file my_file01.txt (compact mmCIF, C-alpha atoms)
# COMPACT_ATOMS: atom_id res chain seq x y z
CA MET A 58 -84.35 34.77 -9.05
CA SER A 59 -83.37 38.28 -7.95
CA ARG A 60 -83.06 39.68 -11.48
CA GLY A 61 -83.77 38.67 -15.04
CA LEU A 62 -81.41 36.78 -17.29
CA VAL A 63 -79.29 38.91 -19.55
CA LEU A 64 -77.01 38.08 -22.45
CA HIS A 65 -73.94 38.38 -20.27
CA ASP A 66 -75.23 35.58 -17.99
CA TRP A 67 -75.76 33.26 -20.92
CA VAL A 68 -72.32 34.01 -22.33
CA VAL A 69 -70.57 33.38 -19.01
CA ALA A 70 -72.52 30.13 -18.46
CA SER A 71 -71.79 28.95 -21.99
CA ILE A 72 -68.09 29.72 -21.61
CA ALA A 73 -67.99 27.84 -18.32
CA MET A 74 -69.74 24.82 -19.82
CA ALA A 75 -67.47 24.83 -22.89
CA ALA A 76 -64.39 25.16 -20.69
CA GLY A 77 -65.51 22.20 -18.62
CA VAL A 78 -66.10 20.01 -21.68
CA ALA A 79 -62.80 21.09 -23.26
CA ALA A 80 -60.94 20.38 -20.03
CA GLY A 81 -62.53 16.93 -19.91
CA LEU A 82 -61.47 16.10 -23.46
CA LEU A 83 -57.96 17.41 -22.83
CA LEU A 84 -57.64 15.33 -19.69
CA ARG A 85 -58.86 12.27 -21.56
CA VAL A 86 -56.21 12.73 -24.27
CA LEU A 87 -53.53 13.28 -21.62
CA LEU A 88 -54.57 10.16 -19.71
CA SER A 89 -54.58 8.13 -22.94
CA TRP A 90 -50.96 9.14 -23.45
CA LEU A 91 -50.14 8.20 -19.87
CA GLY A 92 -51.88 4.87 -20.35
CA LYS A 93 -49.52 3.95 -23.21
CA HIS A 94 -46.53 4.56 -20.96
CA ALA A 95 -48.16 2.74 -18.04
CA ARG A 96 -48.59 -0.42 -20.12
CA ARG A 97 -44.82 -0.56 -20.55
CA THR A 98 -44.25 -1.01 -16.82
CA ARG A 99 -44.34 -4.36 -15.06
CA TRP A 100 -46.82 -3.22 -12.39
CA THR A 101 -50.43 -3.52 -13.55
CA GLY A 102 -51.75 -1.14 -10.88
CA ASP A 103 -50.81 1.99 -12.83
CA ASP A 104 -52.74 0.68 -15.84
CA ILE A 105 -55.84 0.24 -13.69
CA ILE A 106 -55.55 3.70 -12.11
CA VAL A 107 -54.97 5.52 -15.40
CA ASP A 108 -57.81 3.64 -17.08
CA ALA A 109 -60.17 4.57 -14.25
CA LEU A 110 -59.11 8.22 -14.33
CA ARG A 111 -59.91 8.32 -18.03
CA THR A 112 -63.54 7.74 -17.02
CA ILE A 113 -63.78 10.12 -14.08
CA ALA A 114 -61.79 13.05 -15.47
CA PRO A 115 -64.23 14.09 -18.27
CA TRP A 116 -67.21 13.76 -15.94
CA ALA A 117 -65.51 15.73 -13.18
CA ALA A 118 -64.49 18.52 -15.57
CA THR A 119 -67.99 18.69 -17.05
CA ALA A 120 -69.56 18.80 -13.58
CA ALA A 121 -67.18 21.57 -12.53
CA GLY A 122 -68.05 23.60 -15.66
CA THR A 123 -71.75 23.08 -14.98
CA ALA A 124 -71.33 24.24 -11.36
CA VAL A 125 -69.52 27.41 -12.49
CA ALA A 126 -72.21 28.03 -15.10
CA ALA A 127 -74.95 27.61 -12.47
CA SER A 128 -73.22 30.02 -10.14
CA ALA A 129 -73.00 32.61 -12.92
CA LEU A 130 -76.76 32.50 -13.49
CA PRO A 131 -79.09 34.48 -11.23
CA LEU A 132 -80.86 31.46 -9.71
CA THR A 133 -83.01 31.44 -6.60
CA THR A 134 -81.66 29.91 -3.43
CA ARG A 135 -83.88 26.83 -3.75
CA VAL A 136 -82.98 26.17 -7.40
CA ALA A 137 -79.29 26.82 -6.76
CA GLY A 138 -79.37 24.36 -3.85
CA ILE A 139 -81.05 21.69 -5.97
CA VAL A 140 -78.50 22.17 -8.76
CA ASN A 141 -75.55 22.07 -6.37
CA HIS A 142 -76.86 18.98 -4.56
CA SER A 143 -77.57 17.21 -7.85
CA LEU A 144 -74.12 17.97 -9.23
CA THR A 145 -72.49 16.90 -5.96
CA ALA A 146 -74.45 13.64 -5.92
CA LEU A 147 -73.54 12.99 -9.57
CA LEU A 148 -69.89 13.64 -8.85
CA ILE A 149 -70.02 11.34 -5.81
CA LEU A 150 -71.55 8.55 -7.89
CA VAL A 151 -68.94 8.97 -10.60
CA ILE A 152 -66.15 8.90 -8.02
CA THR A 153 -67.78 5.89 -6.34
CA PHE A 154 -67.98 3.78 -9.47
CA THR A 155 -64.47 4.82 -10.44
CA ALA A 156 -63.15 3.93 -6.99
CA ALA A 157 -64.96 0.59 -7.14
CA ARG A 158 -63.37 -0.08 -10.51
CA VAL A 159 -59.90 0.85 -9.23
CA VAL A 160 -60.16 -1.16 -6.02
CA ALA A 161 -61.59 -4.20 -7.81
CA GLY A 162 -58.82 -4.02 -10.39
CA LEU A 163 -56.14 -3.77 -7.71
CA VAL A 164 -57.60 -6.75 -5.86
CA GLN A 165 -57.67 -8.76 -9.08
CA SER A 166 -54.10 -7.71 -9.87
CA LEU A 167 -53.02 -8.79 -6.40
CA ALA A 168 -54.72 -12.16 -6.85
CA GLN A 169 -52.99 -12.67 -10.20
CA SER A 170 -49.57 -11.74 -8.81
CA ARG A 171 -49.95 -14.17 -5.93
CA THR A 172 -51.12 -17.10 -8.03
CA GLY A 173 -49.15 -16.40 -11.20
CA VAL A 174 -52.02 -17.37 -13.51
CA ALA A 175 -54.61 -15.61 -15.61
CA GLY A 176 -57.51 -16.68 -13.40
CA SER A 177 -58.74 -14.48 -10.58
CA ALA A 178 -60.55 -14.92 -7.32
CA THR A 179 -63.68 -12.95 -8.31
CA ILE A 180 -65.33 -13.51 -4.95
CA PHE A 181 -63.06 -10.87 -3.37
CA VAL A 182 -63.40 -8.62 -6.41
CA ASN A 183 -67.21 -8.75 -6.30
CA ILE A 184 -67.40 -8.23 -2.54
CA THR A 185 -65.06 -5.23 -2.75
CA ARG A 186 -67.01 -3.69 -5.64
CA VAL A 187 -70.38 -4.13 -3.88
CA VAL A 188 -69.09 -2.60 -0.61
CA VAL A 189 -67.60 0.47 -2.31
CA VAL A 190 -70.68 1.07 -4.49
CA ALA A 191 -73.05 0.67 -1.52
CA MET A 192 -71.11 3.22 0.54
CA GLY A 193 -71.03 5.69 -2.35
CA VAL A 194 -74.76 5.37 -3.02
CA LEU A 195 -75.56 5.97 0.66
CA VAL A 196 -73.37 9.07 0.72
CA ALA A 197 -75.02 10.35 -2.48
CA LEU A 198 -78.49 9.83 -1.00
CA GLU A 199 -77.49 11.68 2.15
CA THR A 200 -76.15 14.53 0.00
CA VAL A 201 -79.45 15.08 -1.81
CA GLY A 202 -81.31 15.10 1.51
CA VAL A 203 -82.60 11.51 1.70
CA SER A 204 -82.34 10.09 5.22
CA ILE A 205 -80.55 6.76 5.14
CA ALA A 206 -81.42 5.70 8.71
CA PRO A 207 -84.85 4.20 7.78
CA LEU A 208 -83.26 2.66 4.70
CA LEU A 209 -80.62 0.93 6.82
CA THR A 210 -83.33 -0.34 9.18
CA ALA A 211 -85.37 -1.71 6.27
CA LEU A 212 -82.27 -3.30 4.80
CA GLY A 213 -81.53 -4.96 8.14
CA VAL A 214 -84.99 -6.52 8.42
CA GLY A 215 -85.08 -7.46 4.75
CA GLY A 216 -81.56 -8.85 4.97
CA LEU A 217 -82.69 -11.33 7.63
CA ALA A 218 -85.46 -12.61 5.39
CA VAL A 219 -83.12 -12.84 2.45
CA ALA A 220 -80.55 -14.71 4.56
CA LEU A 221 -83.15 -17.31 5.53
CA ALA A 222 -84.23 -17.74 1.91
CA LEU A 223 -80.69 -18.00 0.55
CA GLN A 224 -79.06 -20.32 3.06
CA ASP A 225 -77.30 -22.47 0.45
CA THR A 226 -76.05 -19.44 -1.47
CA LEU A 227 -74.73 -17.77 1.67
CA ALA A 228 -73.14 -21.04 2.79
CA ASN A 229 -71.28 -21.25 -0.52
CA LEU A 230 -70.32 -17.57 -0.24
CA PHE A 231 -68.78 -17.93 3.22
CA ALA A 232 -67.19 -21.24 2.27
CA GLY A 233 -65.47 -19.52 -0.66
CA VAL A 234 -64.26 -16.70 1.58
CA HIS A 235 -62.95 -19.25 4.09
CA ILE A 236 -61.14 -21.22 1.37
CA LEU A 237 -59.37 -18.12 0.05
CA ALA A 238 -58.65 -16.67 3.49
CA SER A 239 -57.13 -19.93 4.75
CA LYS A 240 -55.06 -20.22 1.53
CA THR A 241 -55.84 -23.92 1.18
CA VAL A 242 -56.78 -23.40 -2.47
CA GLN A 243 -55.86 -20.52 -4.74
CA PRO A 244 -56.50 -19.90 -8.45
CA GLY A 245 -53.84 -21.75 -10.42
CA ASP A 246 -53.50 -24.69 -8.01
CA TYR A 247 -53.86 -28.24 -9.28
CA ILE A 248 -56.22 -30.16 -7.00
CA ARG A 249 -57.75 -33.63 -6.86
CA LEU A 250 -60.89 -34.37 -4.86
CA SER A 251 -61.62 -37.66 -3.14
CA SER A 252 -64.58 -38.08 -5.52
CA GLY A 253 -62.20 -38.09 -8.50
CA GLU A 254 -62.50 -34.59 -9.96
CA GLU A 255 -59.15 -32.94 -10.64
CA GLY A 256 -57.68 -30.03 -12.55
CA TYR A 257 -56.43 -26.46 -12.31
CA VAL A 258 -58.47 -24.00 -10.26
CA VAL A 259 -59.50 -21.25 -12.68
CA ASP A 260 -61.69 -19.12 -10.44
CA ILE A 261 -63.38 -19.04 -7.03
CA ASN A 262 -66.50 -16.88 -7.18
CA TRP A 263 -69.31 -16.20 -4.72
CA ARG A 264 -71.05 -19.53 -5.33
CA ASN A 265 -68.75 -22.15 -6.85
CA THR A 266 -65.20 -23.03 -7.81
CA VAL A 267 -64.32 -23.50 -11.48
CA VAL A 268 -61.76 -26.23 -12.23
CA ARG A 269 -60.27 -26.87 -15.67
CA ASN A 270 -59.14 -30.45 -16.15
CA LEU A 271 -56.40 -31.66 -18.48
CA SER A 272 -58.89 -32.30 -21.29
CA ASN A 273 -59.69 -28.54 -21.19
CA ASN A 274 -63.21 -29.02 -19.79
CA LEU A 275 -64.59 -26.97 -16.91
CA VAL A 276 -65.79 -28.69 -13.74
CA ILE A 277 -68.09 -26.58 -11.52
CA ILE A 278 -67.83 -27.45 -7.81
CA PRO A 279 -69.94 -25.68 -5.13
CA ASN A 280 -67.78 -23.96 -2.54
CA GLY A 281 -69.57 -25.71 0.32
CA ARG A 282 -68.76 -29.13 -1.11
CA LEU A 283 -65.15 -28.14 -1.76
CA ALA A 284 -64.76 -27.03 1.85
CA ARG A 285 -66.13 -30.34 3.19
CA THR A 286 -64.43 -32.89 0.93
CA ASN A 287 -60.99 -34.47 1.20
CA MET A 288 -58.67 -32.86 -1.31
CA THR A 289 -55.05 -33.12 -2.44
CA ASN A 290 -53.36 -29.89 -3.55
CA TYR A 291 -50.42 -30.69 -5.83
CA THR A 292 -49.26 -27.07 -5.95
CA ARG A 293 -48.88 -26.34 -2.24
CA PRO A 294 -46.68 -26.03 -0.31
CA GLU A 295 -44.41 -26.36 -3.38
CA GLN A 296 -45.27 -26.60 -7.04
CA GLU A 297 -42.30 -28.87 -7.79
CA LEU A 298 -42.90 -32.55 -7.07
CA THR A 299 -41.34 -35.97 -7.56
CA VAL A 300 -42.68 -38.74 -9.79
CA LEU A 301 -42.07 -42.46 -9.25
CA VAL A 302 -41.58 -44.82 -12.20
CA GLN A 303 -41.50 -48.59 -11.64
CA VAL A 304 -38.94 -50.62 -13.67
CA GLY A 305 -37.78 -54.26 -13.58
CA VAL A 306 -34.73 -56.14 -14.96
CA GLY A 307 -33.84 -59.79 -15.27
CA TYR A 308 -32.12 -61.77 -12.52
CA ASP A 309 -29.00 -62.24 -14.66
CA SER A 310 -28.46 -58.43 -14.92
CA ASP A 311 -25.57 -56.65 -13.22
CA LEU A 312 -27.41 -54.35 -10.82
CA GLU A 313 -24.50 -51.90 -10.53
CA HIS A 314 -24.47 -51.54 -14.29
CA VAL A 315 -28.25 -51.18 -14.37
CA GLU A 316 -28.16 -48.44 -11.75
CA ARG A 317 -25.41 -46.51 -13.54
CA VAL A 318 -27.16 -46.65 -16.92
CA THR A 319 -30.52 -45.66 -15.43
CA LEU A 320 -29.02 -42.65 -13.64
CA GLU A 321 -27.44 -41.47 -16.88
CA VAL A 322 -30.80 -41.64 -18.63
CA VAL A 323 -32.46 -39.71 -15.78
CA ASP A 324 -29.81 -36.99 -15.95
CA SER A 325 -30.31 -36.60 -19.71
CA VAL A 326 -34.08 -36.32 -19.30
CA MET A 327 -33.76 -33.76 -16.49
CA ALA A 328 -31.40 -31.64 -18.57
CA ASN A 329 -33.17 -31.70 -21.95
CA ILE A 330 -36.94 -32.06 -21.42
CA THR A 331 -39.13 -29.00 -20.84
CA GLY A 332 -40.74 -29.08 -17.40
CA ALA A 333 -38.06 -31.21 -15.77
CA LEU A 334 -35.81 -30.04 -12.94
CA PRO A 335 -32.18 -29.83 -14.12
CA GLY A 336 -30.95 -29.69 -10.53
CA HIS A 337 -32.88 -32.78 -9.48
CA GLU A 338 -30.72 -35.48 -7.88
CA ALA A 339 -31.50 -38.73 -9.68
CA ALA A 340 -32.25 -41.76 -7.50
CA VAL A 341 -32.75 -45.49 -8.13
CA ARG A 342 -34.03 -47.79 -5.38
CA PHE A 343 -34.20 -51.59 -5.75
CA HIS A 344 -36.96 -53.02 -3.60
CA THR A 345 -38.50 -56.35 -4.71
CA PHE A 346 -37.48 -59.83 -5.89
CA ALA A 347 -40.45 -60.51 -8.13
CA ASP A 348 -41.42 -63.73 -9.93
CA SER A 349 -39.32 -63.14 -13.03
CA ARG A 350 -37.35 -59.94 -12.39
CA ILE A 351 -35.92 -57.53 -9.85
CA ASN A 352 -38.10 -54.43 -9.47
CA PHE A 353 -36.83 -50.96 -8.63
CA THR A 354 -38.17 -47.39 -8.49
CA VAL A 355 -36.79 -44.42 -10.42
CA ILE A 356 -37.44 -40.99 -8.87
CA LEU A 357 -37.89 -38.09 -11.32
CA GLY A 358 -38.36 -34.38 -10.60
CA VAL A 359 -40.99 -32.28 -12.41
CA GLY A 360 -41.80 -28.59 -12.30
CA GLU A 361 -45.56 -28.97 -11.93
CA PHE A 362 -48.23 -31.66 -12.05
CA SER A 363 -49.03 -31.74 -15.77
CA ASP A 364 -45.35 -31.99 -16.74
CA GLN A 365 -45.09 -35.52 -15.36
CA TYR A 366 -46.82 -37.14 -18.34
CA ARG A 367 -44.38 -35.69 -20.89
CA ILE A 368 -41.38 -36.51 -18.69
CA LYS A 369 -42.51 -40.10 -18.08
CA HIS A 370 -43.07 -40.50 -21.81
CA GLU A 371 -39.56 -39.36 -22.72
CA PHE A 372 -37.91 -41.26 -19.87
CA ILE A 373 -39.49 -44.60 -20.77
CA LYS A 374 -38.55 -44.21 -24.45
CA ARG A 375 -34.93 -43.32 -23.68
CA LEU A 376 -34.56 -45.97 -21.01
CA HIS A 377 -35.89 -48.70 -23.30
CA ARG A 378 -33.56 -47.64 -26.12
CA ARG A 379 -30.56 -47.49 -23.76
CA TYR A 380 -31.31 -50.88 -22.20
CA ARG A 381 -31.45 -52.48 -25.64
CA ALA A 382 -28.10 -50.91 -26.52
CA GLU A 383 -26.53 -52.10 -23.25
CA GLY A 384 -28.00 -55.59 -23.49
CA ILE A 385 -30.10 -55.24 -20.32
CA SER A 386 -33.22 -57.34 -20.49
CA ILE A 387 -36.63 -56.40 -19.16
CA PRO A 388 -38.26 -59.83 -18.97
CA ALA A 389 -41.97 -60.29 -19.22
CA PRO A 390 -43.58 -62.12 -16.30
CA THR A 391 -43.25 -65.90 -16.74
CA ARG A 392 -44.46 -68.86 -14.74
CA THR A 393 -43.46 -72.51 -14.92
CA VAL A 394 -46.35 -74.97 -14.64
CA SER A 395 -45.60 -78.66 -13.87
CA LEU A 396 -48.26 -81.13 -14.97
CA GLN A 397 -48.33 -84.68 -13.43
CA GLN A 398 -50.70 -87.40 -14.71
CA ASP A 399 -51.94 -89.88 -12.07
CA LEU A 400 -52.26 -93.61 -13.21
CA PRO A 401 -55.49 -95.40 -12.28
CA GLU A 402 -55.20 -97.92 -9.39
CA PRO A 403 -55.56 -101.69 -10.34
CA SER A 404 -59.00 -103.10 -9.63
CA PRO A 405 -59.12 -105.93 -6.98
CA ALA A 406 -59.39 -109.58 -8.19
CA PRO A 407 -62.91 -111.07 -8.03
CA ALA A 408 -63.60 -113.29 -5.01
CA PRO A 409 -63.76 -117.13 -5.78
CA ALA A 410 -67.19 -118.61 -6.06
CA PRO A 411 -68.24 -120.82 -3.06
CA ALA A 412 -67.91 -124.62 -3.57
CA SER A 413 -71.13 -126.34 -4.55
CA PRO A 414 -72.47 -129.15 -2.23
CA ARG A 415 -71.75 -132.74 -3.14
CA SER A 416 -75.30 -133.44 -4.28
CA THR A 417 -78.31 -131.30 -4.40
CA SER A 418 -81.84 -132.57 -4.86
CA ALA A 419 -83.87 -131.14 -7.60
CA PHE A 420 -86.84 -131.13 -5.25
CA PRO A 421 -86.14 -129.29 -2.06
CA HIS A 422 -88.83 -131.15 -0.07
CA GLN A 423 -87.72 -134.63 -1.09
CA ARG A 424 -85.19 -136.38 1.07
CA GLU A 425 -82.44 -138.46 -0.39
CA ALA A 426 -82.60 -142.26 0.15
CA PRO A 427 -79.95 -143.64 2.45
CA PRO A 428 -77.27 -145.66 0.76
CA SER A 429 -78.10 -149.37 0.53
CA THR A 430 -76.06 -151.98 2.31
CA PRO A 431 -74.66 -154.73 0.09
CA GLY A 432 -76.12 -158.18 0.67
CA LEU A 433 -79.19 -156.91 2.36
CA HIS A 434 -82.43 -157.45 0.48
CA LEU A 435 -85.88 -156.70 1.76
call {"tool": "encode", "arguments": {"input": "my_file01.txt", "output": "structure tokens"}}
result
Amino acid sequence: MSRGLVLHDWVVASIAMAAGVAAGLLLRVLLSWLGKHARRTRWTGDDIIVDALRTIAPWAATAAGTAVAASALPLTTRVAGIVNHSLTALLILVITFTAARVVAGLVQSLAQSRTGVAGSATIFVNITRVVVVAMGVLVALETVGVSIAPLLTALGVGGLAVALALQDTLANLFAGVHILASKTVQPGDYIRLSSGEEGYVVDINWRNTVVRNLSNNLVIIPNGRLARTNMTNYTRPEQELTVLVQVGVGYDSDLEHVERVTLEVVDSVMANITGALPGHEAAVRFHTFADSRINFTVILGVGEFSDQYRIKHEFIKRLHRRYRAEGISIPAPTRTVSLQQDLPEPSPAPAPAPASPRSTSAFPHQREAPPSTPGLHL
């Protein structure tokens, strides 16, 4: 300090500080007014930028007033350098966090505009925020005189140990980045895994993918498993899809009449039901002579996967009512069973008993006497 503090120094410093605070408040009011007009536009980026500037503007104005006040005071070179470096580092940190907020918001807005849903791919948002904040902190440390070269070396060695300890987490992280970069799955898509889980993708973060099924429950799937499993995406390459409904009519039905009536019902459903495709070309395809009826397939068009249940519901009701009015029968499966009773075969007649000998002695060891000759007497 080359000279002592006088009243004039305090007055000038106080005026500078008050001017900085007043400028910050004025900028905040001005940015609030701009924010109301920005919300009326269709682009969400201006809302994010104005909202971020509302945070940085008061801090920047206050820091500028403090710097002017410090320059008005008779400070030593060492103290003035410390004050200037501290204010510069504070301003860098404020700008860093504001920039991270703006960039993360723009990335989230871009993700929402590409998927058309409220969910966001937070893995890109988090990575962007961490990168911007890390760069700002390193610049702030370099500004206050802290050498970042040893810090980077320590982070490199420590990062290797952390990578070995967090293999599963890093695998899920890179799997999520790969999924989003390859555009196989995006927030808002309706997917079905080979293991049976299905639903709308709500979010893909650094570790797992959040899926909301039709019963409004959340299914948490690790990114690594999602990248390895077989999956059907019902939203890509097009969100519109066709639905097949199986119908059968009796053999005595006029198939031309059946086809004409069915196409009329399909056209009415496509034109009046929410979620259907009015421009869909109705189609009926007969394909099987079944046991009791002729089966055919009706092809319906739906706007997205969950609409098919409502459209099937309305189509079946209207088709059944129209068939009853037209006298077209939908027979239930029948089967004719022929029963035949087998008569028992006649039993064979018993074999005749063998003829008995002319005379049989009651004593088996006694011989019969020979017949006597008449006129012979002993």
call {"tool": "closest_residue", "arguments": {"input": "my_file01.txt", "among": "A:Asp311, A:Pro207, A:Ala127, A:Ala238", "to": "Val140 in chain A", "atoms": "all atoms listed in the file"}}
result
A:Ala127
call {"tool": "closest_residue", "arguments": {"input": "my_file01.txt", "among": "A:Ala79, A:Ala232, A:Tyr308, A:Glu316", "to": "Ile278 in chain A", "atoms": "all atoms listed in the file"}}
result
A:Ala232
call {"tool": "atom_distance", "arguments": {"input": "my_file01.txt", "atom1": "CA of Ala382 in chain A", "atom2": "CA of Asp324 in chain A"}}
result
17.6 Å
call {"tool": "atom_distance", "arguments": {"input": "my_file01.txt", "atom1": "CA of Ser363 in chain A", "atom2": "CA of His337 in chain A"}}
result
17.4 Å
call {"tool": "closest_atom_pairs", "arguments": {"input": "my_file01.txt", "of": "range 289-397 of chain A", "to": "range 244-256 of chain A", "cutoff": "6 Å", "atoms": "only C-alpha atoms", "output": "Markdown table"}}
result
| residue | atom | partner | partner_atom | distance |
| --- | --- | --- | --- | --- |
| A:Thr289 | CA | A:Arg249 | CA | 5.2 |
| A:Asn290 | CA | A:Ile248 | CA | 4.5 |
| A:Tyr291 | CA | A:Tyr247 | CA | 5.5 |
| A:Thr292 | CA | A:Asp246 | CA | 5.3 |
call {"tool": "write_last_selection", "arguments": {"input": "my_file01.txt", "atoms": "C-alpha atoms", "output": "PDB file, in the frame of the given file"}}
result
ATOM      1  CA  THR A 289     -55.050 -33.120  -2.440  1.00  0.00           C
ATOM      2  CA  ASN A 290     -53.360 -29.890  -3.550  1.00  0.00           C
ATOM      3  CA  TYR A 291     -50.420 -30.690  -5.830  1.00  0.00           C
ATOM      4  CA  THR A 292     -49.260 -27.070  -5.950  1.00  0.00           C
TER       5      THR A 292
END
call {"tool": "residues_near_point", "arguments": {"input": "my_file01.txt", "point": "(-31.1, -46.1, -21.0)", "cutoff": "12 Å", "atoms": "all atoms listed in the file", "output": "PDB file with C-alpha atoms, keeping the file's coordinate frame"}}
result
ATOM      1  CA  VAL A 304     -38.940 -50.620 -13.670  1.00  0.00           C
ATOM      2  CA  HIS A 314     -24.470 -51.540 -14.290  1.00  0.00           C
ATOM      3  CA  VAL A 315     -28.250 -51.180 -14.370  1.00  0.00           C
ATOM      4  CA  GLU A 316     -28.160 -48.440 -11.750  1.00  0.00           C
ATOM      5  CA  ARG A 317     -25.410 -46.510 -13.540  1.00  0.00           C
ATOM      6  CA  VAL A 318     -27.160 -46.650 -16.920  1.00  0.00           C
ATOM      7  CA  THR A 319     -30.520 -45.660 -15.430  1.00  0.00           C
ATOM      8  CA  LEU A 320     -29.020 -42.650 -13.640  1.00  0.00           C
ATOM      9  CA  GLU A 321     -27.440 -41.470 -16.880  1.00  0.00           C
ATOM     10  CA  VAL A 322     -30.800 -41.640 -18.630  1.00  0.00           C
ATOM     11  CA  VAL A 323     -32.460 -39.710 -15.780  1.00  0.00           C
ATOM     12  CA  ASP A 324     -29.810 -36.990 -15.950  1.00  0.00           C
ATOM     13  CA  SER A 325     -30.310 -36.600 -19.710  1.00  0.00           C
ATOM     14  CA  VAL A 326     -34.080 -36.320 -19.300  1.00  0.00           C
ATOM     15  CA  GLU A 371     -39.560 -39.360 -22.720  1.00  0.00           C
ATOM     16  CA  PHE A 372     -37.910 -41.260 -19.870  1.00  0.00           C
ATOM     17  CA  ILE A 373     -39.490 -44.600 -20.770  1.00  0.00           C
ATOM     18  CA  LYS A 374     -38.550 -44.210 -24.450  1.00  0.00           C
ATOM     19  CA  ARG A 375     -34.930 -43.320 -23.680  1.00  0.00           C
ATOM     20  CA  LEU A 376     -34.560 -45.970 -21.010  1.00  0.00           C
ATOM     21  CA  HIS A 377     -35.890 -48.700 -23.300  1.00  0.00           C
ATOM     22  CA  ARG A 378     -33.560 -47.640 -26.120  1.00  0.00           C
ATOM     23  CA  ARG A 379     -30.560 -47.490 -23.760  1.00  0.00           C
ATOM     24  CA  TYR A 380     -31.310 -50.880 -22.200  1.00  0.00           C
ATOM     25  CA  ARG A 381     -31.450 -52.480 -25.640  1.00  0.00           C
ATOM     26  CA  ALA A 382     -28.100 -50.910 -26.520  1.00  0.00           C
ATOM     27  CA  GLU A 383     -26.530 -52.100 -23.250  1.00  0.00           C
ATOM     28  CA  GLY A 384     -28.000 -55.590 -23.490  1.00  0.00           C
ATOM     29  CA  ILE A 385     -30.100 -55.240 -20.320  1.00  0.00           C
ATOM     30  CA  SER A 386     -33.220 -57.340 -20.490  1.00  0.00           C
ATOM     31  CA  ILE A 387     -36.630 -56.400 -19.160  1.00  0.00           C
TER      32      ILE A 387
END
call {"tool": "closest_residue", "arguments": {"input": "my_file01.txt", "among": "A:Gly138, A:Leu83, A:Thr119, A:Leu110", "to": "Arg158 in chain A", "atoms": "all atoms listed in the file"}}
result
A:Leu110
call {"tool": "residues_around", "arguments": {"input": "my_file01.txt", "residues": "Asp364 in chain A", "least_positions_apart": "6", "cutoff": "9 Å", "atoms": "all atoms listed in the file", "output": "ChimeraX atom specification"}}
result
/A:331-333
call {"tool": "residues_around", "arguments": {"input": "my_file01.txt", "residues": "Phe346 in chain A", "least_positions_apart": "2", "cutoff": "12 Å", "atoms": "all atoms listed in the file", "output": "list in words"}}
result
Gly305, Val306, Gly307, Tyr308, Phe343, His344, Asp348, Ser349, Arg350, Ile351, Asn352 and Phe353 of chain A
call {"tool": "write_last_selection", "arguments": {"input": "my_file01.txt", "atoms": "C-alpha atoms", "output": "mmCIF file, in the frame of the given file"}}
result
data_model
loop_
_atom_site.group_PDB
_atom_site.id
_atom_site.type_symbol
_atom_site.label_atom_id
_atom_site.label_comp_id
_atom_site.auth_asym_id
_atom_site.auth_seq_id
_atom_site.Cartn_x
_atom_site.Cartn_y
_atom_site.Cartn_z
ATOM 1 C CA GLY A 305 -37.780 -54.260 -13.580
ATOM 2 C CA VAL A 306 -34.730 -56.140 -14.960
ATOM 3 C CA GLY A 307 -33.840 -59.790 -15.270
ATOM 4 C CA TYR A 308 -32.120 -61.770 -12.520
ATOM 5 C CA PHE A 343 -34.200 -51.590 -5.750
ATOM 6 C CA HIS A 344 -36.960 -53.020 -3.600
ATOM 7 C CA ASP A 348 -41.420 -63.730 -9.930
ATOM 8 C CA SER A 349 -39.320 -63.140 -13.030
ATOM 9 C CA ARG A 350 -37.350 -59.940 -12.390
ATOM 10 C CA ILE A 351 -35.920 -57.530 -9.850
ATOM 11 C CA ASN A 352 -38.100 -54.430 -9.470
ATOM 12 C CA PHE A 353 -36.830 -50.960 -8.630
#
call {"tool": "atom_distance", "arguments": {"input": "my_file01.txt", "atom1": "CA of Ala339 in chain A", "atom2": "CA of Ile356 in chain A"}}
result
6.4 Å
